[in-house]
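Next comes my_file.pdb, with PDB, C-alpha atoms, pLDDT in the B column.
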ATOM      1  CA  MET A   1     173.333 236.168 -22.228  1.00 79.00           C
ATOM      2  CA  LYS A   2     172.703 234.048 -19.131  1.00 87.00           C
ATOM      3  CA  LYS A   3     169.438 235.922 -18.346  1.00 88.00           C
ATOM      4  CA  VAL A   4     168.102 235.224 -21.867  1.00 89.00           C
ATOM      5  CA  GLN A   5     168.744 231.492 -21.480  1.00 92.00           C
ATOM      6  CA  ILE A   6     167.007 231.408 -18.084  1.00 91.00           C
ATOM      7  CA  LEU A   7     164.047 233.338 -19.536  1.00 92.00           C
ATOM      8  CA  ILE A   8     163.741 230.942 -22.496  1.00 93.00           C
ATOM      9  CA  ILE A   9     163.973 227.861 -20.242  1.00 93.00           C
ATOM     10  CA  THR A  10     161.334 229.328 -17.903  1.00 94.00           C
ATOM     11  CA  LEU A  11     158.923 230.116 -20.758  1.00 95.00           C
ATOM     12  CA  VAL A  12     159.363 226.670 -22.334  1.00 95.00           C
ATOM     13  CA  SER A  13     158.824 225.023 -18.922  1.00 96.00           C
ATOM     14  CA  ILE A  14     155.630 227.027 -18.350  1.00 96.00           C
ATOM     15  CA  LEU A  15     154.397 226.145 -21.856  1.00 96.00           C
ATOM     16  CA  VAL A  16     155.087 222.418 -21.368  1.00 96.00           C
ATOM     17  CA  LEU A  17     153.506 222.454 -17.925  1.00 97.00           C
ATOM     18  CA  GLY A  18     150.423 224.199 -19.345  1.00 95.00           C
ATOM     19  CA  CYS A  19     150.126 221.649 -22.162  1.00 96.00           C
ATOM     20  CA  VAL A  20     150.465 218.729 -19.763  1.00 95.00           C
ATOM     21  CA  THR A  21     147.849 220.222 -17.422  1.00 95.00           C
ATOM     22  CA  PHE A  22     145.413 220.767 -20.308  1.00 94.00           C
ATOM     23  CA  ALA A  23     145.976 217.208 -21.597  1.00 93.00           C
ATOM     24  CA  VAL A  24     145.312 215.699 -18.165  1.00 93.00           C
ATOM     25  CA  ILE A  25     142.157 217.772 -17.698  1.00 92.00           C
ATOM     26  CA  TYR A  26     140.923 216.960 -21.226  1.00 90.00           C
ATOM     27  CA  PHE A  27     141.474 213.193 -21.109  1.00 89.00           C
ATOM     28  CA  ALA A  28     140.809 212.489 -17.419  1.00 88.00           C
ATOM     29  CA  THR A  29     137.641 214.588 -16.878  1.00 87.00           C
ATOM     30  CA  ASP A  30     134.379 215.411 -18.654  1.00 84.00           C
ATOM     31  CA  ILE A  31     134.792 219.183 -18.459  1.00 86.00           C
ATOM     32  CA  PHE A  32     135.084 219.736 -22.212  1.00 86.00           C
ATOM     33  CA  LYS A  33     132.393 217.205 -23.228  1.00 87.00           C
ATOM     34  CA  SER A  34     128.948 218.337 -24.286  1.00 89.00           C
ATOM     35  CA  ASP A  35     125.865 217.294 -22.330  1.00 89.00           C
ATOM     36  CA  LYS A  36     124.935 214.887 -25.118  1.00 90.00           C
ATOM     37  CA  GLU A  37     128.343 213.170 -25.063  1.00 89.00           C
ATOM     38  CA  SER A  38     128.253 212.876 -21.267  1.00 87.00           C
ATOM     39  CA  PHE A  39     124.742 211.418 -21.369  1.00 88.00           C
ATOM     40  CA  TYR A  40     125.679 208.733 -23.894  1.00 87.00           C
ATOM     41  CA  LYS A  41     128.868 207.902 -21.988  1.00 86.00           C
ATOM     42  CA  TYR A  42     127.049 207.269 -18.719  1.00 85.00           C
ATOM     43  CA  ALA A  43     123.923 205.764 -20.339  1.00 83.00           C
ATOM     44  CA  SER A  44     126.084 203.144 -22.039  1.00 83.00           C
ATOM     45  CA  GLN A  45     127.409 202.055 -18.626  1.00 85.00           C
ATOM     46  CA  ILE A  46     123.946 201.213 -17.256  1.00 81.00           C
ATOM     47  CA  ASN A  47     122.984 197.563 -17.208  1.00 79.00           C
ATOM     48  CA  LEU A  48     119.360 197.558 -18.404  1.00 74.00           C
ATOM     49  CA  LYS A  49     118.595 194.297 -16.602  1.00 74.00           C
ATOM     50  CA  GLU A  50     119.265 196.059 -13.303  1.00 75.00           C
ATOM     51  CA  PHE A  51     117.429 199.206 -14.387  1.00 74.00           C
ATOM     52  CA  ILE A  52     114.242 197.607 -15.740  1.00 79.00           C
ATOM     53  CA  ASP A  53     112.409 194.744 -14.050  1.00 80.00           C
ATOM     54  CA  LEU A  54     111.296 192.853 -17.161  1.00 83.00           C
ATOM     55  CA  GLU A  55     110.074 189.842 -15.219  1.00 86.00           C
ATOM     56  CA  GLY A  56     107.813 192.004 -13.061  1.00 86.00           C
ATOM     57  CA  TYR A  57     106.521 193.831 -16.148  1.00 85.00           C
ATOM     58  CA  ASN A  58     105.758 190.565 -17.935  1.00 88.00           C
ATOM     59  CA  ASN A  59     103.919 189.300 -14.846  1.00 88.00           C
ATOM     60  CA  TYR A  60     101.905 192.526 -14.812  1.00 82.00           C
ATOM     61  CA  LEU A  61     100.952 192.090 -18.477  1.00 83.00           C
ATOM     62  CA  LYS A  62      99.844 188.493 -17.877  1.00 85.00           C
ATOM     63  CA  ARG A  63      97.792 189.562 -14.855  1.00 83.00           C
ATOM     64  CA  THR A  64      96.051 192.363 -16.785  1.00 78.00           C
ATOM     65  CA  GLU A  65      95.078 189.875 -19.493  1.00 79.00           C
ATOM     66  CA  THR A  66      93.376 187.554 -17.028  1.00 82.00           C
ATOM     67  CA  GLU A  67      91.997 190.012 -14.447  1.00 81.00           C
ATOM     68  CA  GLY A  68      89.872 193.105 -14.784  1.00 78.00           C
ATOM     69  CA  HIS A  69      91.473 196.391 -13.815  1.00 77.00           C
ATOM     70  CA  ALA A  70      90.866 200.113 -13.998  1.00 82.00           C
ATOM     71  CA  ASN A  71      92.834 203.293 -14.575  1.00 83.00           C
ATOM     72  CA  GLU A  72      91.727 206.471 -12.881  1.00 90.00           C
ATOM     73  CA  GLY A  73      93.235 209.919 -12.954  1.00 92.00           C
ATOM     74  CA  ALA A  74      92.811 213.625 -13.470  1.00 93.00           C
ATOM     75  CA  ILE A  75      94.381 216.264 -15.669  1.00 92.00           C
ATOM     76  CA  THR A  76      94.282 219.861 -14.470  1.00 93.00           C
ATOM     77  CA  ILE A  77      95.217 222.878 -16.587  1.00 91.00           C
ATOM     78  CA  ASN A  78      95.696 226.350 -15.093  1.00 91.00           C
ATOM     79  CA  VAL A  79      96.547 229.193 -17.487  1.00 89.00           C
ATOM     80  CA  ASN A  80      96.962 232.790 -16.315  1.00 89.00           C
ATOM     81  CA  GLN A  81      97.521 235.608 -18.784  1.00 85.00           C
ATOM     82  CA  GLY A  82      97.124 239.107 -17.463  1.00 84.00           C
ATOM     83  CA  GLU A  83      93.730 239.332 -15.789  1.00 86.00           C
ATOM     84  CA  GLN A  84      92.341 236.307 -17.614  1.00 88.00           C
ATOM     85  CA  SER A  85      92.669 232.839 -16.185  1.00 89.00           C
ATOM     86  CA  ILE A  86      91.518 229.460 -17.423  1.00 88.00           C
ATOM     87  CA  ASN A  87      91.155 226.581 -14.980  1.00 91.00           C
ATOM     88  CA  GLU A  88      90.052 223.260 -16.421  1.00 92.00           C
ATOM     89  CA  SER A  89      90.041 219.828 -14.875  1.00 93.00           C
ATOM     90  CA  ILE A  90      89.355 216.540 -16.614  1.00 93.00           C
ATOM     91  CA  LYS A  91      88.791 213.359 -14.616  1.00 93.00           C
ATOM     92  CA  TYR A  92      88.786 209.958 -16.241  1.00 89.00           C
ATOM     93  CA  LEU A  93      88.042 206.379 -15.293  1.00 88.00           C
ATOM     94  CA  ARG A  94      88.786 203.575 -17.702  1.00 85.00           C
ATOM     95  CA  ILE A  95      87.701 200.055 -16.808  1.00 81.00           C
ATOM     96  CA  PHE A  96      89.157 197.005 -18.505  1.00 77.00           C
ATOM     97  CA  ARG A  97      87.463 193.654 -18.295  1.00 73.00           C
ATOM     98  CA  SER A  98      89.048 190.347 -19.040  1.00 67.00           C
ATOM     99  CA  SER A  99      87.863 188.798 -22.285  1.00 63.00           C
ATOM    100  CA  LYS A 100      88.547 185.269 -21.026  1.00 56.00           C
TER     101      LYS A 100
END
Exercise: express the given structure as structure tokens:
Amino acid sequence: MKKVQILIITLVSILVLGCVTFAVIYFATDIFKSDKESFYKYASQINLKEFIDLEGYNNYLKRTETEGHANEGAITINVNQGEQSINESIKYLRIFRSSK
């Protein structure tokens, strides 16, 4: 009779300990959260004023309205399939002039 009581107390203790461990892991960590939930959790903590320099961007927009500027770049595409390969490169230059 005594061994049965000890066995029951041991099993209940292990069950309670397991439940407490799972609860702590679930509520205190992000292990069981999806990538989407984790992203939104941490994205909501970012202060956008620190992340984006709006004043610098507005100054850039004002400067581009009053001064001429140019954009230059290149796009390269390399595709290999079996023995065939396609290599294309496109270069561009776009010049903006102030209308003022």
Between CA of Ala43 in chain A and CA of Ala23 in chain A, what is the spacing in Å?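 If I compute the distance from CA of Ala23 in chain A to CA of Ala43 in chain A, I get 24.9 Å.
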Report, as lines of an AutoDock Vina configuration file, the centre and edge lengths in Å (one decimal) of the axis-aligned box enclosing every listed atom of range 5-20 of chain A, padded by 5 Å on each side.
center_x = 159.4
center_y = 226.0
center_z = -20.2
size_x = 28.6
size_y = 24.6
size_z = 14.6
Could you tell me how far CA of Lys91 in chain A sits from CA of Tyr57 in chain A, in Å to one decimal place?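 Those two atoms sit 26.4 Å apart.
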By how many Å are CA of Glu72 in chain A and CA of Glu88 in chain A apart?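 A separation of 17.2 Å between them.
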For Ser89 in chain A: contacts at 10 Å, all atoms listed in the file, fewer than 5 positions along chain excluded, given as a compact mmCIF listing (two decimals) with C-alpha atoms, in the coordinates of the input:
# COMPACT_ATOMS: atom_id res chain seq x y z
CA ALA A 74 92.81 213.62 -13.47
CA ILE A 75 94.38 216.26 -15.67
CA THR A 76 94.28 219.86 -14.47
CA ILE A 77 95.22 222.88 -16.59
CA ASN A 78 95.70 226.35 -15.09
Give me the result of the PyMOL selection byres ((chain A and resi 93-95) around 9) on this file, residue by residue, as an MDAnalysis selection string. chainID A and resid 68:74 91:92 96:97
List every residue of range 38-77 of chain A that has an atom at most 12 Å from any atom of range 25-34 of chain A, giving for each one its closest atom pair and the distance in Å to one decimal, counting all atoms listed in the file, sorted by chain and then by ascending residue number, as a Markdown table.
| residue | atom | partner | partner_atom | distance |
| --- | --- | --- | --- | --- |
| A:Ser38 | CA | A:Ser34 | CA | 6.3 |
| A:Phe39 | CA | A:Ser34 | CA | 8.6 |
| A:Tyr40 | CA | A:Ser34 | CA | 10.2 |
| A:Lys41 | CA | A:Asp30 | CA | 9.9 |
| A:Tyr42 | CA | A:Asp30 | CA | 11.0 |
